[in-house]
Amino acid sequence: MTPPFSASAFLGKSCRVEFVTSVFNTSQLPVPDYPEIAFAGRSNVGKSSLINKLINRRGLVKVSAQPGKTQSLNFFLVEESMYLVDLPGYGFAKVPRKVKNDWQGLITSYLEKRENLRCIVVIVDMRHNAKDQDLELVAWLRMMELPLLLVYTKADKLSGNQRGKLAAALDREFGATRAERVIFSAKTGEGMEDLLAGLDRYLDIS
Ligand SMILES: Nc1nc2c(ncn2[C@@H]2O[C@H](COP(=O)(O)OP(=O)(O)OP(=O)(O)O)[C@@H](O)[C@H]2O)c(=O)[nH]1
Ligand SMILES: [Mg+2]
């Protein structure tokens with residue numbers, strides 16, 4: 001049996017992390033022996049940066065100014081207790097359609113079937129409106145009754161006043177309550193406590 005623990009016991013501070021594997025095909029998925037959190041969002045939104053912040057490492061997860069950097073499901077094992085999964089970004093126009101369809105198929109079947117998946121963190125750049133693919137993903141996760149946490153990231157790029165306005169607009173677009181979303185910055189670490197509290201709601205098994 002998995003011992004009781006919470007996300008905030010390990011994440012957001014120094015923790016032991018190892019890169020486990022890159023998955024291009026569902027047959028390559030690691031054995032689902034630990035609780036798992038997956039991170040989804042458009043290309044270049046800051047998924048990998050957010051994971052690096054959570055595990056307190058600068059470069060373990062590859063970050064790039066060029067969209068489409070993460071092209072496989074990348075599994076990181078934290079404290080031999082939970083998996084964090086960096087998903088490939090969607091909405092990157094330059095990727096050929098064939099590759100795009102393959103990704104979508106892989107991500108969909110992963111999200112549908114992964115039995116140890118506790119939460120899908122959907123990340124959006126809070127400077128912009130929700131895009132169709134964000135809204136579609138959130139609607140689909142709700143339809144599938146999969147646990148979801150929204151993160152509005154890159155908050156450091158906005159003033160306090162803009163933040164409130166833009167967060168309220170995104171809340172309306174997603175139909176999200178304040179409890180369902182977190183305002184975050186991977187640059188400053190702002191919002192980390194809220195993010196950990198959000199994850200704990202899904203991970204606390206004590
Ligand atoms: N100012 C600021 N920049 C950020 C933040 N998060 C990410 N970035 C920058 O945004 C760019 C993309 O970040 P990534 O973490 O690689 O984004 P990603 O979503 O993993 O991208 P793909 O793997 O291509 O889908 C990089 O230049 C990051 O430095 C943030 O909170 N604040
Ligand atoms: Mg990435």
# chains A, B, ... in the order shown; residues from 1 in each chain; ligands from 1
>>> select_by_dssp(residues="stretch 17-205 of chain A", states="strand (DSSP E or B)", output="ChimeraX atom specification")
/A:17-23,36-42,73-78,82-86,90,117-125,148-153,181-183
>>> write_last_selection(atoms="N, CA and C atoms", output="tab-separated table (two decimals), in the first residue's frame")
chain	number	residue	atom	x	y	z
A	17	VAL	N	14.49	13.93	-7.22
A	17	VAL	CA	13.72	13.74	-8.46
A	17	VAL	C	14.57	13.00	-9.46
A	18	GLU	N	13.97	12.05	-10.14
A	18	GLU	CA	14.70	11.44	-11.24
A	18	GLU	C	13.83	11.40	-12.49
A	19	PHE	N	14.48	11.64	-13.60
A	19	PHE	CA	13.80	11.48	-14.88
A	19	PHE	C	13.66	9.98	-15.12
A	20	VAL	N	12.46	9.54	-15.43
A	20	VAL	CA	12.24	8.11	-15.58
A	20	VAL	C	12.24	7.69	-17.05
A	21	THR	N	11.37	8.33	-17.84
A	21	THR	CA	11.28	7.90	-19.23
A	21	THR	C	10.51	8.90	-20.08
A	22	SER	N	10.76	8.83	-21.38
A	22	SER	CA	9.97	9.58	-22.37
A	22	SER	C	9.09	8.58	-23.08
A	23	VAL	N	7.81	8.88	-23.15
A	23	VAL	CA	6.86	7.94	-23.72
A	23	VAL	C	6.29	8.48	-25.03
A	36	GLU	N	-0.08	10.08	-9.67
A	36	GLU	CA	0.50	10.81	-10.79
A	36	GLU	C	-0.27	12.12	-11.05
A	37	ILE	N	0.49	13.15	-11.40
A	37	ILE	CA	-0.10	14.44	-11.79
A	37	ILE	C	0.43	14.75	-13.19
A	38	ALA	N	-0.48	15.12	-14.09
A	38	ALA	CA	-0.06	15.46	-15.45
A	38	ALA	C	-0.26	16.96	-15.70
A	39	PHE	N	0.61	17.53	-16.53
A	39	PHE	CA	0.59	18.96	-16.80
A	39	PHE	C	0.34	19.18	-18.28
A	40	ALA	N	-0.77	19.85	-18.58
A	40	ALA	CA	-1.18	20.04	-19.97
A	40	ALA	C	-1.34	21.52	-20.26
A	41	GLY	N	-1.30	21.86	-21.54
A	41	GLY	CA	-1.50	23.25	-21.94
A	41	GLY	C	-0.92	23.49	-23.32
A	42	ARG	N	-1.20	24.66	-23.85
A	42	ARG	CA	-0.68	25.00	-25.18
A	42	ARG	C	0.84	25.01	-25.18
A	73	LEU	N	5.56	12.24	-23.69
A	73	LEU	CA	5.15	12.33	-22.29
A	73	LEU	C	6.38	12.04	-21.45
A	74	ASN	N	6.82	13.01	-20.67
A	74	ASN	CA	8.04	12.84	-19.89
A	74	ASN	C	7.72	12.63	-18.42
A	75	PHE	N	8.19	11.51	-17.90
A	75	PHE	CA	7.86	11.11	-16.53
A	75	PHE	C	9.00	11.41	-15.57
A	76	PHE	N	8.65	12.10	-14.48
A	76	PHE	CA	9.62	12.40	-13.43
A	76	PHE	C	9.10	11.78	-12.13
A	77	LEU	N	9.98	11.10	-11.43
A	77	LEU	CA	9.59	10.45	-10.18
A	77	LEU	C	10.14	11.29	-9.02
A	78	VAL	N	9.24	11.72	-8.13
A	78	VAL	CA	9.62	12.58	-7.01
A	78	VAL	C	9.62	11.75	-5.72
A	82	MET	N	5.76	9.84	-6.17
A	82	MET	CA	4.75	10.30	-7.13
A	82	MET	C	5.40	10.65	-8.46
A	83	TYR	N	4.60	10.49	-9.51
A	83	TYR	CA	5.06	10.87	-10.84
A	83	TYR	C	4.50	12.23	-11.23
A	84	LEU	N	5.35	13.05	-11.84
A	84	LEU	CA	4.91	14.26	-12.51
A	84	LEU	C	5.11	14.02	-14.00
A	85	VAL	N	4.11	14.35	-14.80
A	85	VAL	CA	4.20	14.05	-16.23
A	85	VAL	C	4.05	15.33	-17.05
A	86	ASP	N	5.09	15.64	-17.79
A	86	ASP	CA	5.11	16.80	-18.68
A	86	ASP	C	4.54	16.36	-20.03
A	90	TYR	N	-0.18	21.56	-26.94
A	90	TYR	CA	-1.05	21.53	-28.11
A	90	TYR	C	-1.11	22.94	-28.73
A	117	LEU	N	-3.70	8.32	-12.26
A	117	LEU	CA	-3.70	9.77	-12.50
A	117	LEU	C	-4.64	10.45	-11.50
A	118	ARG	N	-4.09	11.33	-10.69
A	118	ARG	CA	-4.90	11.97	-9.64
A	118	ARG	C	-5.41	13.33	-10.05
A	119	CYS	N	-4.65	14.00	-10.90
A	119	CYS	CA	-5.04	15.36	-11.26
A	119	CYS	C	-4.38	15.76	-12.58
A	120	ILE	N	-5.12	16.48	-13.41
A	120	ILE	CA	-4.55	17.07	-14.62
A	120	ILE	C	-4.52	18.57	-14.39
A	121	VAL	N	-3.32	19.11	-14.42
A	121	VAL	CA	-3.14	20.55	-14.26
A	121	VAL	C	-3.17	21.16	-15.66
A	122	VAL	N	-4.15	22.01	-15.92
A	122	VAL	CA	-4.25	22.67	-17.23
A	122	VAL	C	-3.74	24.10	-17.07
A	123	ILE	N	-2.68	24.40	-17.84
A	123	ILE	CA	-1.98	25.67	-17.67
A	123	ILE	C	-2.31	26.59	-18.84
A	124	VAL	N	-2.67	27.82	-18.52
A	124	VAL	CA	-2.87	28.83	-19.57
A	124	VAL	C	-2.06	30.07	-19.23
A	125	ASP	N	-1.68	30.80	-20.28
A	125	ASP	CA	-0.96	32.06	-20.12
A	125	ASP	C	-2.01	33.12	-19.76
A	148	LEU	N	-9.33	18.10	-12.23
A	148	LEU	CA	-8.70	19.17	-13.01
A	148	LEU	C	-8.34	20.33	-12.10
A	149	LEU	N	-7.17	20.89	-12.32
A	149	LEU	CA	-6.80	22.14	-11.64
A	149	LEU	C	-6.30	23.10	-12.71
A	150	LEU	N	-6.88	24.29	-12.76
A	150	LEU	CA	-6.45	25.29	-13.74
A	150	LEU	C	-5.36	26.15	-13.14
A	151	VAL	N	-4.32	26.42	-13.94
A	151	VAL	CA	-3.27	27.34	-13.51
A	151	VAL	C	-3.16	28.47	-14.52
A	152	TYR	N	-3.32	29.70	-14.04
A	152	TYR	CA	-3.12	30.89	-14.88
A	152	TYR	C	-1.70	31.37	-14.61
A	153	THR	N	-0.83	31.15	-15.59
A	153	THR	CA	0.59	31.40	-15.32
A	153	THR	C	1.12	32.68	-15.99
A	181	ARG	N	-8.90	27.21	-9.51
A	181	ARG	CA	-7.77	27.74	-10.29
A	181	ARG	C	-6.76	28.46	-9.39
A	182	VAL	N	-5.55	28.56	-9.93
A	182	VAL	CA	-4.45	29.16	-9.20
A	182	VAL	C	-3.76	30.17	-10.11
A	183	ILE	N	-3.44	31.33	-9.57
A	183	ILE	CA	-2.64	32.31	-10.31
A	183	ILE	C	-1.18	32.07	-9.94
>>> atom_distance(atom1="atom CA of A:Tyr34", atom2="atom CA of A:Asn116")
6.6 Å
>>> atom_distance(atom1="atom 31 (O, counted along the ligand's line) of ligand 1", atom2="atom CA of A:Gly191")
10.2 Å
>>> atom_distance(atom1="atom 20 (O, counted along the ligand's line) of ligand 1", atom2="atom CA of A:Gly89")
6.9 Å
>>> closest_residue(among="A:Ala139, A:Leu166, A:Ile55, A:Ala186", to="ligand 1", atoms="only C-alpha atoms and all ligand atoms")
A:Ala186
>>> select_by_dssp(residues="stretch 44-202 of chain A", states="helix (DSSP H, G or I)", output="ChimeraX atom specification")
/A:47-54,97-113,132-143,155-157,160-174,178-180,192-202
>>> closest_residue(among="A:Pro88, A:Arg58, A:Glu190, A:Pro30", to="ligand 2", atoms="only C-alpha atoms and all ligand atoms")
A:Pro88
>>> residues_around(residues="A:Asp102", least_positions_apart="6", cutoff="10 Å", atoms="only C-alpha atoms", output="JSON, numbers by chain")
{"A": [24, 25, 108]}
>>> decode(residues="stretch 12-69 of chain A", atoms="C-alpha atoms", output="mmCIF file, in the first residue's frame")
data_model
loop_
_atom_site.group_PDB
_atom_site.id
_atom_site.type_symbol
_atom_site.label_atom_id
_atom_site.label_comp_id
_atom_site.auth_asym_id
_atom_site.auth_seq_id
_atom_site.Cartn_x
_atom_site.Cartn_y
_atom_site.Cartn_z
ATOM 1 C CA GLY A 12 8.112 23.378 -3.920
ATOM 2 C CA LYS A 13 11.291 22.606 -2.006
ATOM 3 C CA SER A 14 14.418 20.508 -2.376
ATOM 4 C CA CYS A 15 13.340 17.016 -3.242
ATOM 5 C CA ARG A 16 14.793 13.931 -4.842
ATOM 6 C CA VAL A 17 13.724 13.738 -8.456
ATOM 7 C CA GLU A 18 14.696 11.436 -11.244
ATOM 8 C CA PHE A 19 13.798 11.481 -14.878
ATOM 9 C CA VAL A 20 12.237 8.105 -15.584
ATOM 10 C CA THR A 21 11.278 7.900 -19.227
ATOM 11 C CA SER A 22 9.970 9.577 -22.368
ATOM 12 C CA VAL A 23 6.859 7.940 -23.722
ATOM 13 C CA PHE A 24 5.890 8.073 -27.392
ATOM 14 C CA ASN A 25 3.456 5.173 -27.293
ATOM 15 C CA THR A 26 1.074 3.910 -24.575
ATOM 16 C CA SER A 27 2.891 0.564 -24.494
ATOM 17 C CA GLN A 28 5.897 2.428 -23.038
ATOM 18 C CA LEU A 29 4.040 3.832 -19.999
ATOM 19 C CA PRO A 30 5.732 3.079 -16.672
ATOM 20 C CA VAL A 31 3.965 0.741 -14.257
ATOM 21 C CA PRO A 32 1.284 2.866 -12.513
ATOM 22 C CA ASP A 33 2.637 2.207 -9.063
ATOM 23 C CA TYR A 34 2.567 5.795 -7.718
ATOM 24 C CA PRO A 35 0.014 8.621 -7.751
ATOM 25 C CA GLU A 36 0.496 10.813 -10.789
ATOM 26 C CA ILE A 37 -0.096 14.435 -11.794
ATOM 27 C CA ALA A 38 -0.060 15.462 -15.454
ATOM 28 C CA PHE A 39 0.588 18.964 -16.799
ATOM 29 C CA ALA A 40 -1.179 20.040 -19.970
ATOM 30 C CA GLY A 41 -1.502 23.254 -21.944
ATOM 31 C CA ARG A 42 -0.683 24.996 -25.177
ATOM 32 C CA SER A 43 2.836 24.998 -26.532
ATOM 33 C CA ASN A 44 5.113 27.500 -24.845
ATOM 34 C CA VAL A 45 2.651 28.286 -22.054
ATOM 35 C CA GLY A 46 5.156 27.304 -19.378
ATOM 36 C CA LYS A 47 4.390 23.671 -18.471
ATOM 37 C CA SER A 48 8.017 22.599 -18.190
ATOM 38 C CA SER A 49 8.922 25.790 -16.292
ATOM 39 C CA LEU A 50 6.145 25.151 -13.786
ATOM 40 C CA ILE A 51 7.324 21.590 -13.182
ATOM 41 C CA ASN A 52 10.910 22.791 -12.707
ATOM 42 C CA LYS A 53 9.647 25.259 -10.110
ATOM 43 C CA LEU A 54 7.671 22.540 -8.341
ATOM 44 C CA ILE A 55 10.725 20.304 -8.090
ATOM 45 C CA ASN A 56 13.014 23.224 -7.347
ATOM 46 C CA ARG A 57 15.349 22.535 -10.277
ATOM 47 C CA ARG A 58 16.337 24.924 -12.967
ATOM 48 C CA GLY A 59 16.957 22.682 -15.898
ATOM 49 C CA LEU A 60 15.777 19.149 -15.176
ATOM 50 C CA VAL A 61 12.780 19.639 -17.432
ATOM 51 C CA LYS A 62 13.810 21.199 -20.731
ATOM 52 C CA VAL A 63 12.472 24.707 -21.215
ATOM 53 C CA SER A 64 12.557 26.474 -24.549
ATOM 54 C CA ALA A 65 11.677 29.818 -26.066
ATOM 55 C CA GLN A 66 10.763 27.792 -29.137
ATOM 56 C CA PRO A 67 7.267 26.270 -28.983
ATOM 57 C CA GLY A 68 6.899 22.523 -29.412
ATOM 58 C CA LYS A 69 9.946 21.577 -27.357
#
